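Next up, my_file_27.txt (compact mmCIF, C-alpha atoms and all ligand atoms):
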# COMPACT_ATOMS: atom_id res chain seq x y z
CA MET A 1 -28.01 -4.14 92.24
CA ASN A 2 -31.67 -3.66 93.08
CA ILE A 3 -33.45 -5.80 95.66
CA LEU A 4 -37.23 -5.72 96.08
CA LEU A 5 -38.85 -6.70 99.35
CA VAL A 6 -42.59 -7.31 98.94
CA GLY A 7 -44.65 -6.60 102.07
CA ASP A 8 -46.60 -9.41 103.74
CA ILE A 9 -48.73 -11.24 101.16
CA VAL A 10 -52.19 -11.69 102.69
CA GLY A 11 -54.48 -14.40 101.32
CA ARG A 12 -55.65 -14.80 97.74
CA PRO A 13 -55.90 -11.04 97.00
CA GLY A 14 -52.22 -10.66 97.95
CA ARG A 15 -51.17 -13.72 95.97
CA GLU A 16 -53.05 -12.51 92.89
CA LEU A 17 -51.18 -9.18 92.97
CA VAL A 18 -47.89 -11.07 93.04
CA ARG A 19 -48.94 -13.56 90.35
CA THR A 20 -50.17 -10.90 87.92
CA GLY A 21 -47.86 -7.99 88.71
CA LEU A 22 -44.48 -9.13 90.01
CA ARG A 23 -42.82 -9.76 86.61
CA ALA A 24 -43.79 -6.26 85.45
CA LEU A 25 -42.44 -4.72 88.65
CA VAL A 26 -39.18 -6.61 88.23
CA ASP A 27 -38.84 -5.40 84.62
CA HIS A 28 -39.88 -1.84 85.34
CA HIS A 29 -37.62 -1.32 88.37
CA GLU A 30 -34.78 -3.52 87.05
CA ILE A 31 -34.93 -5.80 90.08
CA ASP A 32 -32.20 -8.40 90.56
CA LEU A 33 -33.67 -10.26 93.52
CA VAL A 34 -37.13 -10.52 95.13
CA ILE A 35 -37.79 -11.20 98.81
CA ALA A 36 -41.39 -11.51 100.05
CA THR A 37 -42.96 -12.10 103.44
CA ALA A 38 -45.24 -15.12 103.13
CA GLU A 39 -46.48 -15.78 106.68
CA ASN A 40 -50.10 -14.76 105.85
CA SER A 41 -50.28 -16.03 102.28
CA ALA A 42 -52.55 -19.04 103.07
CA ALA A 43 -55.93 -17.42 103.77
CA GLY A 44 -54.24 -15.01 106.18
CA PHE A 45 -52.65 -17.68 108.35
CA GLY A 46 -49.38 -19.38 107.48
CA VAL A 47 -48.08 -20.79 104.24
CA THR A 48 -48.43 -24.18 102.53
CA LYS A 49 -46.21 -25.99 100.03
CA ASP A 50 -48.60 -25.31 97.13
CA ILE A 51 -48.78 -21.62 97.92
CA GLY A 52 -45.06 -21.27 98.60
CA ASP A 53 -44.21 -23.00 95.33
CA THR A 54 -46.64 -20.70 93.47
CA LEU A 55 -44.93 -17.64 94.93
CA LEU A 56 -41.50 -18.97 93.92
CA GLU A 57 -42.84 -19.63 90.40
CA ALA A 58 -44.21 -16.08 90.24
CA GLY A 59 -40.69 -14.73 90.71
CA VAL A 60 -40.11 -14.57 94.46
CA ASP A 61 -36.54 -15.69 95.23
CA VAL A 62 -36.69 -15.86 99.04
CA MET A 63 -39.71 -16.04 101.38
CA THR A 64 -39.51 -14.67 104.91
CA SER A 65 -41.98 -15.05 107.76
CA GLY A 66 -42.68 -14.33 111.42
CA ASN A 67 -45.15 -15.19 114.16
CA HIS A 68 -47.59 -16.86 111.71
CA ILE A 69 -45.04 -19.27 110.23
CA TRP A 70 -46.40 -22.35 112.05
CA ASP A 71 -50.14 -21.69 111.48
CA LYS A 72 -50.43 -24.44 108.84
CA LYS A 73 -49.19 -27.80 110.13
CA GLU A 74 -47.84 -28.93 106.77
CA VAL A 75 -45.27 -26.13 106.83
CA LEU A 76 -43.12 -28.27 109.14
CA GLU A 77 -42.39 -30.61 106.26
CA TYR A 78 -42.16 -27.83 103.66
CA ILE A 79 -39.70 -25.68 105.61
CA ARG A 80 -37.36 -28.64 106.10
CA ALA A 81 -37.31 -29.25 102.33
CA GLN A 82 -37.37 -25.66 101.02
CA PRO A 83 -34.33 -23.55 102.06
CA ARG A 84 -35.84 -20.49 100.34
CA LEU A 85 -38.56 -20.30 103.03
CA LEU A 86 -37.14 -18.70 106.19
CA ARG A 87 -38.44 -18.52 109.74
CA PRO A 88 -37.08 -16.10 112.35
CA ALA A 89 -33.46 -17.00 113.19
CA ASN A 90 -34.02 -16.44 116.89
CA TYR A 91 -36.27 -19.45 117.49
CA PRO A 92 -34.51 -21.81 119.92
CA SER A 93 -32.04 -24.25 118.40
CA GLY A 94 -33.62 -27.47 117.17
CA VAL A 95 -36.67 -25.72 115.68
CA PRO A 96 -37.21 -26.80 112.02
CA GLY A 97 -36.10 -24.51 109.22
CA ARG A 98 -33.49 -21.79 108.92
CA GLY A 99 -33.25 -18.08 109.62
CA SER A 100 -30.95 -17.13 106.77
CA TYR A 101 -30.25 -17.95 103.14
CA VAL A 102 -27.74 -16.84 100.53
CA ALA A 103 -29.58 -16.39 97.23
CA GLN A 104 -28.16 -15.87 93.75
CA THR A 105 -29.29 -13.26 91.25
CA ARG A 106 -29.84 -14.45 87.66
CA ASP A 107 -26.34 -13.21 86.79
CA GLY A 108 -24.79 -15.09 89.70
CA ARG A 109 -24.31 -12.42 92.38
CA ALA A 110 -24.94 -13.48 95.98
CA VAL A 111 -27.43 -11.79 98.31
CA GLY A 112 -27.84 -12.82 101.94
CA VAL A 113 -31.25 -12.70 103.59
CA ILE A 114 -31.71 -12.92 107.36
CA ASN A 115 -35.09 -13.14 109.10
CA ALA A 116 -35.52 -12.36 112.81
CA MET A 117 -38.38 -11.52 115.15
CA GLY A 118 -38.76 -8.84 117.81
CA ARG A 119 -39.66 -9.61 121.42
CA VAL A 120 -41.64 -6.56 122.52
CA PHE A 121 -45.37 -7.45 122.58
CA MET A 122 -44.43 -10.71 120.85
CA GLN A 123 -43.29 -14.21 121.80
CA PRO A 124 -40.17 -14.07 123.99
CA LEU A 125 -37.77 -15.82 121.61
CA ASP A 126 -33.96 -15.73 121.85
CA ASP A 127 -32.36 -12.27 121.80
CA PRO A 128 -32.47 -11.03 118.18
CA PHE A 129 -29.78 -8.42 118.92
CA ALA A 130 -27.35 -11.28 119.69
CA VAL A 131 -28.62 -13.80 117.12
CA VAL A 132 -28.60 -11.58 114.01
CA PRO A 133 -24.88 -10.62 114.29
CA ARG A 134 -24.06 -14.35 114.56
CA GLU A 135 -26.08 -15.02 111.39
CA ILE A 136 -24.24 -12.18 109.65
CA GLU A 137 -20.87 -13.69 110.58
CA ALA A 138 -22.02 -17.08 109.29
CA ILE A 139 -22.76 -15.77 105.78
CA ARG A 140 -20.43 -12.76 105.53
CA HIS A 141 -17.71 -14.71 103.66
CA ARG A 142 -20.22 -15.50 100.88
CA THR A 143 -21.66 -12.02 100.28
CA ARG A 144 -21.38 -8.39 101.29
CA VAL A 145 -25.01 -7.67 100.41
CA ILE A 146 -27.23 -8.71 103.31
CA ILE A 147 -30.89 -7.82 103.86
CA VAL A 148 -32.43 -8.27 107.31
CA ASP A 149 -36.22 -8.70 107.59
CA PHE A 150 -36.95 -7.77 111.20
CA HIS A 151 -40.46 -8.94 112.00
CA ALA A 152 -41.50 -6.86 114.99
CA GLU A 153 -44.36 -4.92 116.50
CA VAL A 154 -42.66 -1.93 118.04
CA THR A 155 -41.03 0.98 116.19
CA SER A 156 -38.34 1.51 118.83
CA GLU A 157 -37.17 -2.11 118.73
CA LYS A 158 -36.98 -2.02 114.93
CA THR A 159 -35.11 1.30 114.89
CA ALA A 160 -32.73 0.00 117.57
CA MET A 161 -31.96 -3.03 115.40
CA ALA A 162 -31.20 -0.76 112.43
CA TRP A 163 -28.67 1.27 114.45
CA HIS A 164 -27.25 -1.93 115.97
CA LEU A 165 -26.53 -3.26 112.46
CA ASP A 166 -25.60 0.02 110.74
CA GLY A 167 -22.55 -0.65 108.57
CA ARG A 168 -22.84 -4.43 109.00
CA VAL A 169 -25.75 -5.10 106.61
CA THR A 170 -27.21 -3.49 103.48
CA ALA A 171 -30.68 -2.98 104.91
CA VAL A 172 -32.89 -3.57 107.92
CA ILE A 173 -36.52 -3.66 106.82
CA GLY A 174 -39.36 -4.01 109.31
CA THR A 175 -42.33 -6.27 108.70
CA HIS A 176 -45.36 -7.46 110.73
CA THR A 177 -47.56 -4.38 111.29
CA HIS A 178 -48.95 -4.53 107.72
CA VAL A 179 -48.89 -0.72 107.53
CA GLN A 180 -46.20 1.00 105.47
CA THR A 181 -44.29 3.72 107.28
CA ALA A 182 -42.78 6.78 105.58
CA ASP A 183 -39.42 6.91 107.37
CA GLU A 184 -37.10 5.31 104.81
CA ARG A 185 -33.52 6.48 105.17
CA ILE A 186 -29.90 5.40 104.91
CA LEU A 187 -28.03 5.45 108.23
CA PRO A 188 -24.52 7.00 108.42
CA ASN A 189 -22.60 3.76 107.81
CA GLY A 190 -24.64 2.70 104.79
CA THR A 191 -27.51 0.59 106.13
CA ALA A 192 -30.91 1.37 104.61
CA TYR A 193 -33.83 1.31 107.02
CA LEU A 194 -37.63 1.34 106.88
CA THR A 195 -39.70 0.68 110.01
CA ASP A 196 -42.38 -1.24 108.11
CA VAL A 197 -42.73 -2.17 104.47
CA GLY A 198 -46.52 -2.65 104.70
CA MET A 199 -48.82 -5.31 103.29
CA THR A 200 -49.61 -6.86 99.92
CA GLY A 201 -53.29 -7.62 100.21
CA PRO A 202 -56.72 -6.13 100.75
CA HIS A 203 -56.46 -2.63 102.21
CA ASP A 204 -60.20 -2.14 102.89
CA SER A 205 -59.66 -4.24 105.99
CA ILE A 206 -58.12 -4.27 109.45
CA ILE A 207 -54.53 -5.21 108.61
CA GLY A 208 -55.80 -7.60 105.92
CA MET A 209 -58.75 -9.16 107.75
CA GLU A 210 -62.46 -8.42 107.25
CA VAL A 211 -63.51 -5.36 109.21
CA GLY A 212 -66.63 -6.91 110.81
CA PRO A 213 -65.16 -9.73 112.94
CA SER A 214 -61.99 -7.80 113.75
CA LEU A 215 -63.91 -4.72 114.86
CA ALA A 216 -66.33 -6.95 116.82
CA ARG A 217 -63.45 -8.29 118.87
CA PHE A 218 -62.56 -4.77 119.94
CA LEU A 219 -66.18 -3.83 120.59
CA SER A 220 -67.12 -6.92 122.59
CA GLY A 221 -63.83 -8.27 123.92
CA MET A 222 -64.98 -11.69 122.75
CA PRO A 223 -63.10 -13.92 120.29
CA SER A 224 -64.24 -14.01 116.67
CA LYS A 225 -63.12 -15.89 113.57
CA PHE A 226 -61.08 -13.83 111.14
CA GLU A 227 -61.29 -14.16 107.36
CA PRO A 228 -59.10 -12.27 104.92
CA ALA A 229 -60.84 -9.28 103.36
CA THR A 230 -61.03 -8.74 99.60
CA GLY A 231 -61.48 -5.01 98.95
CA ASN A 232 -58.89 -2.61 97.56
CA PRO A 233 -55.93 -4.94 97.01
CA ARG A 234 -52.59 -3.11 97.00
CA LEU A 235 -49.01 -4.30 96.71
CA HIS A 236 -46.62 -2.53 99.09
CA GLY A 237 -42.88 -2.99 99.07
CA VAL A 238 -39.47 -1.38 99.18
CA ILE A 239 -36.58 -1.32 96.72
CA ILE A 240 -33.03 -1.21 98.03
CA GLU A 241 -30.26 -0.24 95.66
CA ALA A 242 -26.96 -1.71 96.84
CA ASP A 243 -23.32 -1.41 95.88
CA ASP A 244 -22.39 -5.09 95.64
CA ARG A 245 -18.67 -4.45 96.19
CA THR A 246 -19.15 -2.74 99.55
CA GLY A 247 -22.57 -4.00 100.58
CA ARG A 248 -23.69 -0.44 101.33
CA ALA A 249 -27.13 0.78 100.37
CA THR A 250 -27.12 3.66 97.89
CA ARG A 251 -30.88 4.26 97.71
CA ILE A 252 -34.10 3.13 99.36
CA THR A 253 -37.49 3.64 97.72
CA ARG A 254 -40.91 2.68 99.03
CA ILE A 255 -43.46 1.46 96.52
CA GLY A 256 -47.24 1.04 96.59
CA TYR A 257 -49.41 -0.13 93.68
CA SER A 258 -53.16 -0.64 93.42
CA GLU A 259 -54.46 -3.58 91.40
CA SER A 260 -55.22 -1.36 88.40
CA GLU A 261 -51.84 0.42 88.56
CA LEU A 262 -50.11 -2.97 88.52
CA ALA A 263 -52.26 -4.15 85.61
CA GLN A 264 -51.35 -0.96 83.73
CA LEU A 265 -47.67 -1.55 84.41
CA ALA A 266 -47.97 -5.15 83.20
CA ALA A 267 -49.69 -3.97 80.00
CA GLN A 268 -46.97 -1.35 79.39
CA THR A 269 -44.24 -3.90 79.99
CA ASN A 270 -45.88 -6.36 77.54
CA THR A 271 -46.20 -3.62 74.91
CA ALA A 272 -42.55 -2.67 75.32
CA ARG A 273 -41.50 -6.33 75.14
CA ASN A 274 -43.57 -6.96 71.99
CA ALA A 275 -42.15 -3.81 70.38
CA SER A 276 -38.59 -4.93 71.07
CA LEU A 277 -39.39 -8.40 69.69
CA ARG A 278 -40.68 -6.79 66.47
CA ALA A 279 -37.70 -4.45 66.19
FE FE A 301 -48.10 -10.61 108.80
FE FE A 302 -46.51 -11.09 111.76
Rewrite the structure from the file as structure tokens, please.
Amino acid sequence: MNILLVGDIVGRPGRELVRTGLRALVDHHEIDLVIATAENSAAGFGVTKDIGDTLLEAGVDVMTSGNHIWDKKEVLEYIRAQPRLLRPANYPSGVPGRGSYVAQTRDGRAVGVINAMGRVFMQPLDDPFAVVPREIEAIRHRTRVIIVDFHAEVTSEKTAMAWHLDGRVTAVIGTHTHVQTADERILPNGTAYLTDVGMTGPHDSIIGMEVGPSLARFLSGMPSKFEPATGNPRLHGVIIEADDRTGRATRITRIGYSESELAQLAAQTNTARNASLRA
């Protein structure tokens, strides 16, 4: 089976790419399940019920998150009601929401998704190296295919997690830096790994935000208000091909599409669909 993980959706430009292009991507790459990081989907900060529901309608099966999950207050209610929105599993017990979910593909095959957050240069949450194996054990009897979204800042911590879980999960995919890395590989025991999947949003920006205020903060050391940028929207993601009997990854492919490339793909897919309807 093929699982697509869409990199962090930033603001309206990111949401528009998903709304207009995701179905075509799913058709073109024969995707069985879509995971997307949604922590920046509401104007760059957090996620709301309306926006989350729109992403689910657009074809996202499971939403993951990270340090920005609590930015919008109303998410507290939404995350309690919507099991397909995850927050990092290593928040202390009692925190609303869940860190894992077992999704179903359209043809009824189960895929586990686990979300965790790193601790280096981030909030000191519970130990993700101890929490993720517990989450794996909790869902292992329901599926062999398990994707871990490890939301972390530092390459070494992400790589360490991949080796820690090699042979226990299908893939460890890094999120949070908003910049796609080029180190995709399959580790010796069958776990696919990519340090960071990148961002779905405006790339003429500083990790999704307007250049001016973000640059000003570095130049002056003073706080400034960030707004999502708009220029050069691109969808970045990764496709993991998995053997559903063993749970091992058989291929990992990074993807990156500009707005016009996605529109072209959508047009091609519509043409092919219309042709097959006529045939
Ligand atoms: Fe993010
Ligand atoms: Fe983040």
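Pairwise distance (CA of Asp127 (chain A), CA of Asp61 (chain A)) equals 27.1 Å.
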(request) Rank nothing, just name the residue among A:Val172, A:Ile9, A:Ala152, A:Val75 nearest to ligand FE 302 (chain A), using all atoms listed in the file. (result)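 Once distances to ligand FE 302 (chain A) are computed over all atoms listed in the file, the minimum belongs to A:Ala152.
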(request) Collect all residues with atoms no farther than 8 Å from ligand FE 302 (chain A), counting all atoms listed in the file, and output them as a ChimeraX atom specification. (result) /A:39-40,65-68,151-152,175-177
(message) So that I can see what lies close to region 2-7 of chain A, please list as an MDAnalysis selection string the residues with an atom at most 7 Å from it, counting all atoms listed in the file and leaving out residues fewer than 2 positions away in the same chain.
(response) chainID A and resid 9 30:37 197:200 236:242
(request) Grab the CA of Leu55 (chain A) to CA of Ile69 (chain A) distance for me, in Å with one decimal place. (result)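 It comes out at 15.4 Å.
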(request) Show which residues sit within 12 Å of Asp53 (chain A), as a PyMOL selection string. Count all atoms listed in the file, and ignore same-chain residues fewer than 3 positions away. (result) chain A and resi 15+19+38+41+47-50+56-63+75+78-79+81-85
(message) Using all atoms listed in the file, can you tell me which of A:Val102, A:Val10, A:Ala229, A:Ile173 comes closest to Gly44 (chain A)?
(response) A:Val10
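Distance check against Thr191 (chain A) using only C-alpha atoms: of A:Thr250, A:Ser214, A:Thr155, A:Ser260, the minimum falls on A:Thr250.
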(request) Give the answer as one residue: which of A:Glu227, A:Asp244, A:Asp107, A:Glu153 has the shortest atom-to-atom distance to ligand FE 301 (chain A), using all atoms listed in the file? (result)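 Among A:Glu227, A:Asp244, A:Asp107, A:Glu153, it is A:Glu153 that comes nearest to ligand FE 301 (chain A).
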(request) Could you jot down the CA of Arg254 (chain A) to CA of Glu184 (chain A) separation for me, Å, one decimal place? (result)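 Atom-to-atom, CA of Arg254 (chain A) to CA of Glu184 (chain A), that is 7.4 Å.
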(message) When you count all atoms listed in the file, which of these residues is closest to Lys158 (chain A): A:Glu77, A:Asp71, A:Asp183, A:Glu210?
(response)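 Looking only at the distances to Lys158 (chain A), the closest residue turns out to be A:Asp183.
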(request) Return the single residue from A:Ile207, A:Met122, A:Leu17, A:Ile147 that is closest to ligand FE 301 (chain A), with distances computed using all atoms listed in the file. (result) A:Ile207
